[in-house]
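*Asks:* So here's input_21.txt (compact mmCIF, C-alpha atoms).
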# COMPACT_ATOMS: atom_id res chain seq x y z
CA MET E 100 -2.82 -15.99 -4.85
CA SER E 101 -1.57 -12.87 -6.63
CA GLU E 102 -1.72 -12.11 -10.35
CA GLU E 103 0.26 -9.41 -12.16
CA LEU E 104 -2.06 -7.07 -14.01
CA GLY E 105 0.06 -7.26 -17.14
CA LYS E 106 -0.75 -10.94 -17.44
CA ILE E 107 -4.52 -10.46 -17.34
CA GLU E 108 -6.23 -10.34 -20.73
CA LYS E 109 -9.87 -9.28 -20.53
CA PRO E 110 -10.90 -11.93 -17.96
CA GLU E 111 -14.54 -12.93 -17.80
CA VAL E 112 -16.18 -12.48 -14.40
CA SER E 113 -17.53 -16.03 -14.53
CA SER E 114 -14.00 -17.41 -14.90
CA PHE E 115 -13.03 -16.52 -11.33
CA LYS E 116 -13.74 -19.10 -8.64
CA HIS E 117 -13.35 -16.71 -5.70
CA ASN E 118 -16.24 -14.51 -4.62
CA ARG E 119 -14.08 -11.89 -2.89
CA LYS E 120 -11.38 -9.94 -4.71
CA VAL E 121 -8.70 -7.42 -3.75
CA LEU E 122 -6.98 -5.02 -6.16
CA GLN E 123 -3.66 -4.31 -4.46
CA VAL E 124 -1.98 -0.97 -5.26
CA PRO E 125 1.56 -0.35 -3.94
CA LEU E 126 1.85 2.93 -2.06
CA ILE E 127 4.57 5.37 -3.06
CA TYR E 128 5.04 8.90 -1.79
CA ALA E 129 6.74 12.13 -2.87
CA GLY E 130 7.68 14.94 -0.52
CA LYS E 131 7.42 18.63 -1.35
CA ASP E 132 11.18 18.76 -1.97
CA ALA E 133 11.32 15.63 -4.15
CA PRO E 134 13.66 15.88 -7.17
CA ALA E 135 11.99 16.84 -10.43
CA ASP E 136 12.89 13.58 -12.16
CA TYR E 137 11.31 11.55 -9.34
CA THR E 138 8.21 13.77 -9.28
CA GLU E 139 7.69 13.07 -12.98
CA LEU E 140 7.83 9.32 -12.35
CA PHE E 141 5.56 9.73 -9.31
CA GLU E 142 2.88 11.53 -11.33
CA LYS E 143 3.05 8.93 -14.08
CA TYR E 144 2.79 6.12 -11.54
CA TRP E 145 -0.50 7.29 -10.07
CA GLN E 146 -1.96 8.00 -13.50
CA GLN E 147 -1.13 4.45 -14.62
CA ALA E 148 -2.39 2.99 -11.34
CA ASN E 149 -5.77 4.65 -11.75
CA GLU E 150 -6.05 3.49 -15.36
CA MET E 151 -5.22 -0.09 -14.38
CA VAL E 152 -7.77 -0.11 -11.57
CA GLU E 153 -10.42 1.14 -14.00
CA LYS E 154 -9.49 -1.61 -16.44
CA LEU E 155 -9.84 -4.26 -13.75
CA GLU E 156 -13.17 -2.82 -12.66
CA ASN E 157 -14.44 -3.24 -16.21
CA SER E 158 -13.69 -6.97 -15.93
CA LEU E 159 -14.39 -7.72 -12.28
CA GLY E 160 -17.00 -5.15 -11.32
CA SER E 161 -16.83 -1.80 -9.57
CA VAL E 162 -14.87 -1.39 -6.36
CA THR E 163 -17.23 -1.74 -3.40
CA VAL E 164 -14.76 -1.40 -0.50
CA ILE E 165 -11.55 0.61 -0.09
CA PHE E 166 -8.75 -0.09 2.40
CA HIS E 167 -5.73 2.14 3.02
CA GLU E 168 -2.92 1.35 5.42
CA THR E 169 -1.92 3.91 8.10
CA VAL E 170 -5.39 5.50 7.94
CA SER E 171 -6.88 4.82 11.37
CA ALA E 172 -10.51 5.72 10.59
CA GLY E 173 -13.09 5.04 7.91
CA GLY E 174 -15.71 7.16 6.19
CA GLU E 175 -15.44 10.95 6.10
CA GLU E 176 -12.93 11.07 8.96
CA GLY E 177 -10.66 8.64 7.15
CA LEU E 178 -10.92 10.62 3.91
CA LYS E 179 -9.75 13.78 5.70
CA MET E 180 -6.74 11.90 7.10
CA LEU E 181 -5.99 10.45 3.67
CA GLU E 182 -6.11 13.84 1.97
CA THR E 183 -3.10 14.93 4.04
CA LEU E 184 -1.31 11.59 4.05
CA SER E 185 -1.50 10.70 0.35
CA PRO E 186 -3.29 13.13 -2.00
CA LYS E 187 -2.88 10.78 -4.99
CA SER E 188 -4.52 7.73 -3.44
CA HIS E 189 -7.04 10.12 -1.86
CA GLY E 190 -8.06 11.24 -5.34
CA ILE E 191 -8.55 7.68 -6.54
CA THR E 192 -10.51 6.89 -3.37
CA CYS E 193 -12.78 9.94 -3.64
CA ASN E 194 -13.71 9.02 -7.20
CA ARG E 195 -15.20 5.83 -5.79
CA CYS E 196 -16.77 7.24 -2.61
CA LYS E 197 -19.21 9.73 -4.11
CA LEU E 198 -22.32 7.74 -3.32
CA ASP E 199 -21.46 6.03 -0.04
CA ASN E 200 -18.77 5.44 2.56
CA ARG E 201 -16.62 2.77 0.95
CA LEU E 202 -13.42 3.61 2.85
CA LYS E 203 -13.09 1.15 5.74
CA CYS E 204 -10.53 1.19 8.52
CA ILE E 205 -8.15 -1.78 8.78
CA GLU E 206 -5.72 -0.30 11.31
CA ASP E 207 -5.61 -0.57 15.10
CA THR E 208 -4.37 2.82 16.32
CA ASP E 209 -2.31 1.41 19.20
CA LEU E 210 -0.55 -1.14 17.00
CA LEU E 211 0.02 1.39 14.22
CA THR E 212 1.57 4.01 16.51
CA GLU E 213 3.66 1.36 18.29
CA VAL E 214 5.17 0.24 14.97
CA MET E 215 5.81 3.84 13.95
CA ASP E 216 7.56 4.59 17.26
CA TRP E 217 9.81 1.53 16.97
CA GLU E 218 10.62 2.53 13.37
CA ARG E 219 11.72 5.95 14.59
CA CYS E 220 13.94 4.28 17.18
CA LEU E 221 15.58 2.10 14.53
CA VAL E 222 16.27 5.07 12.28
CA MET E 223 18.17 6.79 15.11
CA GLY E 224 20.81 4.04 15.22
CA PHE E 225 22.52 2.58 18.27
CA LEU E 226 26.01 2.22 19.71
CA ASN E 227 25.17 -0.97 21.60
CA GLU E 228 24.35 -4.10 19.54
CA LYS E 229 22.27 -5.63 22.35
CA VAL E 230 20.06 -2.55 22.49
CA ALA E 231 19.70 -2.56 18.70
CA ALA E 232 18.73 -6.24 18.70
CA LYS E 233 16.15 -5.71 21.43
CA ILE E 234 14.58 -2.72 19.69
CA TYR E 235 14.40 -4.67 16.42
CA GLU E 236 12.74 -7.55 18.30
CA PHE E 237 10.08 -5.19 19.67
CA TYR E 238 9.57 -3.68 16.22
CA SER E 239 9.23 -7.09 14.54
CA GLU E 240 6.68 -8.32 17.09
CA ALA E 241 4.58 -5.16 16.81
CA THR E 242 4.72 -5.39 13.01
CA ARG E 243 3.62 -9.02 13.07
CA LYS E 244 0.63 -8.19 15.28
CA ARG E 245 -0.28 -5.21 13.11
CA TYR E 246 -0.35 -7.25 9.91
CA GLN E 247 -2.37 -9.97 11.64
CA TYR E 248 -4.89 -7.34 12.64
CA ILE E 249 -5.06 -5.95 9.09
CA SER E 250 -5.58 -9.44 7.65
CA LYS E 251 -8.41 -10.12 10.10
CA ALA E 252 -10.02 -6.74 9.42
CA ILE E 253 -10.01 -7.37 5.67
CA ASP E 254 -11.46 -10.83 6.12
CA GLU E 255 -14.24 -9.62 8.42
CA THR E 256 -15.12 -6.62 6.24
CA LEU E 257 -15.23 -8.21 2.79
CA LYS E 258 -18.50 -9.90 1.90
CA ASP E 259 -19.28 -12.30 -0.93
CA GLY E 260 -19.11 -10.47 -4.24
CA ASP E 261 -17.07 -7.55 -2.90
CA VAL E 262 -14.25 -6.04 -4.94
CA ALA E 263 -11.84 -4.20 -2.67
CA LEU E 264 -9.16 -1.65 -3.45
CA LEU E 265 -6.18 -1.94 -1.09
CA PHE E 266 -3.45 0.69 -0.89
CA ILE E 267 -0.46 -0.73 0.96
CA ARG E 268 3.33 -0.51 0.83
CA GLU E 269 5.40 -3.00 -1.11
CA GLY E 270 6.88 -5.86 0.90
CA HIS E 271 4.00 -6.00 3.37
CA LEU E 272 3.35 -9.19 5.34
CA VAL E 273 -0.45 -9.34 5.18
CA GLN E 274 -1.69 -12.90 4.72
CA PHE E 275 -4.93 -13.01 2.74
CA PRO E 276 -7.58 -15.69 3.35
CA LEU E 277 -7.53 -18.42 0.70
CA ASP E 278 -10.95 -17.45 -0.66
CA ILE E 279 -9.78 -13.93 -1.54
CA GLU E 280 -8.23 -13.49 -4.99
CA VAL E 281 -5.58 -10.76 -5.06
CA PHE E 282 -4.69 -8.81 -8.20
CA SER E 283 -1.42 -6.88 -8.02
CA VAL E 284 -1.72 -3.52 -9.76
CA ALA E 285 1.86 -2.92 -10.93
CA PRO E 286 2.15 0.11 -13.25
CA PRO E 287 5.01 -0.24 -15.78
CA VAL E 288 6.70 2.90 -14.43
CA LEU E 289 7.17 1.20 -11.04
CA ASP E 290 10.29 -0.51 -12.38
CA GLU E 291 11.69 2.89 -13.33
CA ILE E 292 10.99 4.16 -9.82
CA HIS E 293 12.85 1.21 -8.32
CA ARG E 294 15.78 1.85 -10.65
CA TRP E 295 15.77 5.55 -9.72
CA ALA E 296 15.91 4.66 -6.03
CA ARG E 297 18.77 2.18 -6.53
CA ASP E 298 20.79 4.67 -8.59
CA ARG E 299 20.25 7.41 -6.04
CA ALA E 300 21.35 5.14 -3.19
CA ALA E 301 24.46 4.07 -5.12
CA LYS E 302 25.42 7.69 -5.81
CA ARG E 303 24.94 8.59 -2.14
CA GLU E 304 27.10 5.66 -1.04
CA LYS E 305 29.83 6.57 -3.53
CA THR E 306 29.82 10.19 -2.32
CA GLN E 307 30.18 9.04 1.28
CA GLU E 308 33.09 6.76 0.38
CA GLN E 309 34.87 9.60 -1.40
CA GLY E 310 34.40 11.81 1.61
CA ASP E 311 35.91 9.33 4.11
Output the file's structure as C-alpha cells, nothing else.
*Replies:*
Amino acid sequence: MSEELGKIEKPEVSSFKHNRKVLQVPLIYAGKDAPADYTELFEKYWQQANEMVEKLENSLGSVTVIFHETVSAGGEEGLKMLETLSPKSHGITCNRCKLDNRLKCIEDTDLLTEVMDWERCLVMGFLNEKVAAKIYEFYSEATRKRYQYISKAIDETLKDGDVALLFIREGHLVQFPLDIEVFSVAPPVLDEIHRWARDRAAKREKTQEQGD
C-alpha cells in the first residue's frame, strides 16, 4: 500500500498497523550541463524531499535503514559510491548515518550490470526487428530478476519497528511485502519537473519534424 505524503495529516504512530515502514523517494538526476531552468527545479526538488522526509520522521520515528538503488555496497563503501552517483541523495543519507552504518545494499552486482548493459544496447537502436525484440526480452527478464532481488533484500533487511528510506527511480517494479507500509514522498515540484520534461521532448520532436 502506498500513501501520498500530501494526504497525510500528522498521523499518530499508534494508528499504523504495520511494524515496518518505507519512505519512498523518487530519484532524479541533473548532469553538469543541465539547463539552468531544470537545475533550479532540481535543487528545489531535493530541498522539498528532505523536508518531507523530516516531517514523516517526526510522525513515524527516525529512519533506521537506508536503501539506494544502483549502489552495490553498503556502509562506508556504499557512501563513497553514492557521493559520485547522486550527491543530493548522498547528502540526505549522510545526515542520517552519522552514528552508525544505516546504508544497506539491496543490489546484486551481476544483475545490476546486466540490466545496465541491456539498456545500453536498447539505446543504440537496431535495424532488425527480430534482434530488437530479442534484446528487449533479455532486458525485461534481467529487470524482473533484479527487482525480485531488491524486494527480497528489503524484506530480509527490515526488522520489526524499522523505518527505511528508499531512493529509487519512478516506475520501478519492486513488490513490497504486505506487512510493509510504503509512504510515497512526492515533492510538489515533481509535477513541474515532469511538465518540463514533456515540454522539452515536444520541442525536440517539433524541431526534428521541421528538419526532415
*Asks:* Figure out the distance between CA of Val222 (chain E) and CA of Tyr238 (chain E), please, to one decimal in Å.
*Replies:*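 According to the coordinates, CA of Tyr238 (chain E) and CA of Val222 (chain E) are separated by 11.7 Å.
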*Asks:* Given the choices E:Glu142, E:Asp216, E:Glu168, E:Glu182, which gets closest to Lys203 (chain E) if the distance is worked out from only C-alpha atoms?
*Replies:*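 Comparing E:Glu142, E:Asp216, E:Glu168, E:Glu182 against Lys203 (chain E), the winner is E:Glu168.
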*Asks:* Select, from E:Ile249, E:Val230, E:Val124, E:Cys220, the residue with the minimum atom-to-atom distance to Trp145 (chain E), counting only C-alpha atoms.
*Replies:* E:Val124
*Asks:* With 6 Å as the cut-off and only C-alpha atoms counted, what is the closest atom pair between each nearby residue of region 103-186 of chain E and region 279-300 of chain E? Distances in Å to one decimal, ordered by chain and number, as a tab-separated table.
*Replies:*
residue	atom	partner	partner_atom	distance
E:Glu103	CA	E:Ser283	CA	5.1
E:Leu104	CA	E:Val284	CA	5.5
E:Arg119	CA	E:Ile279	CA	4.9
E:Lys120	CA	E:Glu280	CA	4.8
E:Val121	CA	E:Val281	CA	4.8
E:Leu122	CA	E:Phe282	CA	4.9
E:Gln123	CA	E:Ser283	CA	4.9
E:Val124	CA	E:Val284	CA	5.2
E:Tyr144	CA	E:Val288	CA	5.8
E:Gln147	CA	E:Pro286	CA	5.6
E:Ala148	CA	E:Pro286	CA	5.7
*Asks:* Mind pulling up the distance from CA of Ile267 (chain E) to CA of Gly160 (chain E)?
*Replies:* 21.1 Å
*Asks:* I'd like the contact shell of Arg201 (chain E) - 9 Å cut-off, all atoms listed in the file, skipping same-chain residues fewer than 6 positions apart - returned as a PyMOL selection string.
*Replies:* chain E and resi 162-166+173-174+192+195
*Asks:* Restricting it to C-alpha atoms, dump the selection as a PDB file, in the frame of the given file.
*Replies:*
ATOM      1  CA  VAL E 162     -14.870  -1.390  -6.360  1.00  0.00           C
ATOM      2  CA  THR E 163     -17.230  -1.740  -3.400  1.00  0.00           C
ATOM      3  CA  VAL E 164     -14.760  -1.400  -0.500  1.00  0.00           C
ATOM      4  CA  ILE E 165     -11.550   0.610  -0.090  1.00  0.00           C
ATOM      5  CA  PHE E 166      -8.750  -0.090   2.400  1.00  0.00           C
ATOM      6  CA  GLY E 173     -13.090   5.040   7.910  1.00  0.00           C
ATOM      7  CA  GLY E 174     -15.710   7.160   6.190  1.00  0.00           C
ATOM      8  CA  THR E 192     -10.510   6.890  -3.370  1.00  0.00           C
ATOM      9  CA  ARG E 195     -15.200   5.830  -5.790  1.00  0.00           C
TER      10      ARG E 195
END
*Asks:* Which protein, DNA or RNA residues are at most 6 Å from (13.4, -2.6, 14.4) in the file's coordinates when you count all atoms listed in the file, listed as a PyMOL selection string?
*Replies:* chain E and resi 218+221+234-235+238
*Asks:* Work out how far CA of Lys302 (chain E) is from CA of Glu228 (chain E), in Å to one decimal.
*Replies:* 28.0 Å
*Asks:* Could you check the closest approach to Val152 (chain E) for each of E:Glu236, E:Gly260, E:Leu265, E:Lys251 and tell me which residue wins, using only C-alpha atoms?
*Replies:* E:Leu265
*Asks:* Quick one: everything within 9 Å of Ala241 (chain E), counting only C-alpha atoms, minus sequence neighbours fewer than 6 positions away in the same chain. Send it as number ranges by chain.
*Replies:* E: 210-211, 213-214, 217
*Asks:* For Thr183 (chain E), which residue out of E:Tyr128, E:Tyr137, E:Phe275, E:Lys233 is the nearest one, using all atoms listed in the file?
*Replies:*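 Using all atoms listed in the file, Thr183 (chain E) sits closest to E:Tyr128.
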*Asks:* Report the centre and edge lengths, in Å to one decimal, of an axis-aligned box enclosing every atom of region 162-167 of chain E listed in the file, padded by 3 Å on each side, as lines of an AutoDock Vina configuration file.
*Replies:*
center_x = -11.5
center_y = 0.2
center_z = -1.7
size_x = 17.5
size_y = 9.9
size_z = 15.4
*Asks:* Would you mind telling me which residue in E:Thr306, E:Glu156, E:Phe141, E:Asn200 lies nearest to Glu176 (chain E) when using all atoms listed in the file?
*Replies:*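 Selected residue with least distance to Glu176 (chain E): E:Asn200.
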*Asks:* Using the incomplete input, complete region 132-163 of chain E to the level of N, CA and C atoms; output as a PDB file, in the coordinates of the input.
*Replies:*
ATOM      1  N   ASP E 132       9.847  18.456  -1.443  1.00  0.00           N
ATOM      2  CA  ASP E 132      11.180  18.760  -1.970  1.00  0.00           C
ATOM      3  C   ASP E 132      11.736  17.624  -2.835  1.00  0.00           C
ATOM      4  N   ALA E 133      10.862  16.749  -3.317  1.00  0.00           N
ATOM      5  CA  ALA E 133      11.320  15.630  -4.150  1.00  0.00           C
ATOM      6  C   ALA E 133      11.951  16.133  -5.433  1.00  0.00           C
ATOM      7  N   PRO E 134      13.010  15.478  -5.908  1.00  0.00           N
ATOM      8  CA  PRO E 134      13.660  15.880  -7.170  1.00  0.00           C
ATOM      9  C   PRO E 134      12.676  15.850  -8.327  1.00  0.00           C
ATOM     10  N   ALA E 135      12.908  16.716  -9.291  1.00  0.00           N
ATOM     11  CA  ALA E 135      11.990  16.840 -10.430  1.00  0.00           C
ATOM     12  C   ALA E 135      11.851  15.542 -11.209  1.00  0.00           C
ATOM     13  N   ASP E 136      12.965  14.819 -11.382  1.00  0.00           N
ATOM     14  CA  ASP E 136      12.890  13.580 -12.160  1.00  0.00           C
ATOM     15  C   ASP E 136      12.060  12.521 -11.441  1.00  0.00           C
ATOM     16  N   TYR E 137      12.141  12.500 -10.093  1.00  0.00           N
ATOM     17  CA  TYR E 137      11.310  11.550  -9.340  1.00  0.00           C
ATOM     18  C   TYR E 137       9.848  11.979  -9.382  1.00  0.00           C
ATOM     19  N   THR E 138       9.588  13.267  -9.255  1.00  0.00           N
ATOM     20  CA  THR E 138       8.210  13.770  -9.280  1.00  0.00           C
ATOM     21  C   THR E 138       7.518  13.401 -10.580  1.00  0.00           C
ATOM     22  N   GLU E 139       8.260  13.443 -11.679  1.00  0.00           N
ATOM     23  CA  GLU E 139       7.690  13.070 -12.980  1.00  0.00           C
ATOM     24  C   GLU E 139       7.285  11.595 -12.977  1.00  0.00           C
ATOM     25  N   LEU E 140       8.151  10.744 -12.443  1.00  0.00           N
ATOM     26  CA  LEU E 140       7.830   9.320 -12.350  1.00  0.00           C
ATOM     27  C   LEU E 140       6.651   9.094 -11.410  1.00  0.00           C
ATOM     28  N   PHE E 141       6.625   9.829 -10.323  1.00  0.00           N
ATOM     29  CA  PHE E 141       5.560   9.730  -9.310  1.00  0.00           C
ATOM     30  C   PHE E 141       4.197  10.051  -9.935  1.00  0.00           C
ATOM     31  N   GLU E 142       4.132  11.143 -10.687  1.00  0.00           N
ATOM     32  CA  GLU E 142       2.880  11.530 -11.330  1.00  0.00           C
ATOM     33  C   GLU E 142       2.424  10.469 -12.329  1.00  0.00           C
ATOM     34  N   LYS E 143       3.373   9.960 -13.095  1.00  0.00           N
ATOM     35  CA  LYS E 143       3.050   8.930 -14.080  1.00  0.00           C
ATOM     36  C   LYS E 143       2.569   7.650 -13.400  1.00  0.00           C
ATOM     37  N   TYR E 144       3.178   7.329 -12.271  1.00  0.00           N
ATOM     38  CA  TYR E 144       2.790   6.120 -11.540  1.00  0.00           C
ATOM     39  C   TYR E 144       1.312   6.156 -11.156  1.00  0.00           C
ATOM     40  N   TRP E 145       0.885   7.244 -10.556  1.00  0.00           N
ATOM     41  CA  TRP E 145      -0.500   7.290 -10.070  1.00  0.00           C
ATOM     42  C   TRP E 145      -1.495   7.383 -11.222  1.00  0.00           C
ATOM     43  N   GLN E 146      -1.095   7.985 -12.324  1.00  0.00           N
ATOM     44  CA  GLN E 146      -1.960   8.000 -13.500  1.00  0.00           C
ATOM     45  C   GLN E 146      -2.149   6.571 -14.024  1.00  0.00           C
ATOM     46  N   GLN E 147      -1.053   5.829 -14.139  1.00  0.00           N
ATOM     47  CA  GLN E 147      -1.130   4.450 -14.620  1.00  0.00           C
ATOM     48  C   GLN E 147      -1.901   3.566 -13.640  1.00  0.00           C
ATOM     49  N   ALA E 148      -1.694   3.788 -12.347  1.00  0.00           N
ATOM     50  CA  ALA E 148      -2.390   2.990 -11.340  1.00  0.00           C
ATOM     51  C   ALA E 148      -3.899   3.159 -11.459  1.00  0.00           C
ATOM     52  N   ASN E 149      -4.337   4.395 -11.621  1.00  0.00           N
ATOM     53  CA  ASN E 149      -5.770   4.650 -11.750  1.00  0.00           C
ATOM     54  C   ASN E 149      -6.333   4.009 -13.008  1.00  0.00           C
ATOM     55  N   GLU E 150      -5.598   4.088 -14.106  1.00  0.00           N
ATOM     56  CA  GLU E 150      -6.050   3.490 -15.360  1.00  0.00           C
ATOM     57  C   GLU E 150      -6.155   1.970 -15.228  1.00  0.00           C
ATOM     58  N   MET E 151      -5.202   1.368 -14.536  1.00  0.00           N
ATOM     59  CA  MET E 151      -5.220  -0.090 -14.380  1.00  0.00           C
ATOM     60  C   MET E 151      -6.365  -0.540 -13.473  1.00  0.00           C
ATOM     61  N   VAL E 152      -6.644   0.221 -12.435  1.00  0.00           N
ATOM     62  CA  VAL E 152      -7.770  -0.110 -11.570  1.00  0.00           C
ATOM     63  C   VAL E 152      -9.072  -0.026 -12.358  1.00  0.00           C
ATOM     64  N   GLU E 153      -9.213   1.001 -13.172  1.00  0.00           N
ATOM     65  CA  GLU E 153     -10.420   1.140 -14.000  1.00  0.00           C
ATOM     66  C   GLU E 153     -10.564  -0.042 -14.957  1.00  0.00           C
ATOM     67  N   LYS E 154      -9.446  -0.479 -15.513  1.00  0.00           N
ATOM     68  CA  LYS E 154      -9.490  -1.610 -16.440  1.00  0.00           C
ATOM     69  C   LYS E 154      -9.931  -2.884 -15.720  1.00  0.00           C
ATOM     70  N   LEU E 155      -9.435  -3.085 -14.522  1.00  0.00           N
ATOM     71  CA  LEU E 155      -9.840  -4.260 -13.750  1.00  0.00           C
ATOM     72  C   LEU E 155     -11.308  -4.177 -13.350  1.00  0.00           C
ATOM     73  N   GLU E 156     -11.761  -2.976 -13.029  1.00  0.00           N
ATOM     74  CA  GLU E 156     -13.170  -2.820 -12.660  1.00  0.00           C
ATOM     75  C   GLU E 156     -14.080  -3.186 -13.831  1.00  0.00           C
ATOM     76  N   ASN E 157     -13.645  -2.891 -15.035  1.00  0.00           N
ATOM     77  CA  ASN E 157     -14.440  -3.240 -16.210  1.00  0.00           C
ATOM     78  C   ASN E 157     -14.608  -4.742 -16.350  1.00  0.00           C
ATOM     79  N   SER E 158     -13.642  -5.505 -15.830  1.00  0.00           N
ATOM     80  CA  SER E 158     -13.690  -6.970 -15.930  1.00  0.00           C
ATOM     81  C   SER E 158     -14.313  -7.623 -14.699  1.00  0.00           C
ATOM     82  N   LEU E 159     -13.992  -7.070 -13.523  1.00  0.00           N
ATOM     83  CA  LEU E 159     -14.390  -7.720 -12.280  1.00  0.00           C
ATOM     84  C   LEU E 159     -15.617  -7.113 -11.621  1.00  0.00           C
ATOM     85  N   GLY E 160     -15.921  -5.883 -11.991  1.00  0.00           N
ATOM     86  CA  GLY E 160     -17.000  -5.150 -11.320  1.00  0.00           C
ATOM     87  C   GLY E 160     -16.428  -3.970 -10.561  1.00  0.00           C
ATOM     88  N   SER E 161     -17.275  -3.016 -10.253  1.00  0.00           N
ATOM     89  CA  SER E 161     -16.830  -1.800  -9.570  1.00  0.00           C
ATOM     90  C   SER E 161     -16.339  -2.088  -8.163  1.00  0.00           C
ATOM     91  N   VAL E 162     -15.385  -1.281  -7.724  1.00  0.00           N
ATOM     92  CA  VAL E 162     -14.870  -1.390  -6.360  1.00  0.00           C
ATOM     93  C   VAL E 162     -15.988  -1.062  -5.377  1.00  0.00           C
ATOM     94  N   THR E 163     -16.174  -1.928  -4.402  1.00  0.00           N
ATOM     95  CA  THR E 163     -17.230  -1.740  -3.400  1.00  0.00           C
ATOM     96  C   THR E 163     -16.672  -1.368  -2.029  1.00  0.00           C
TER      97      THR E 163
END
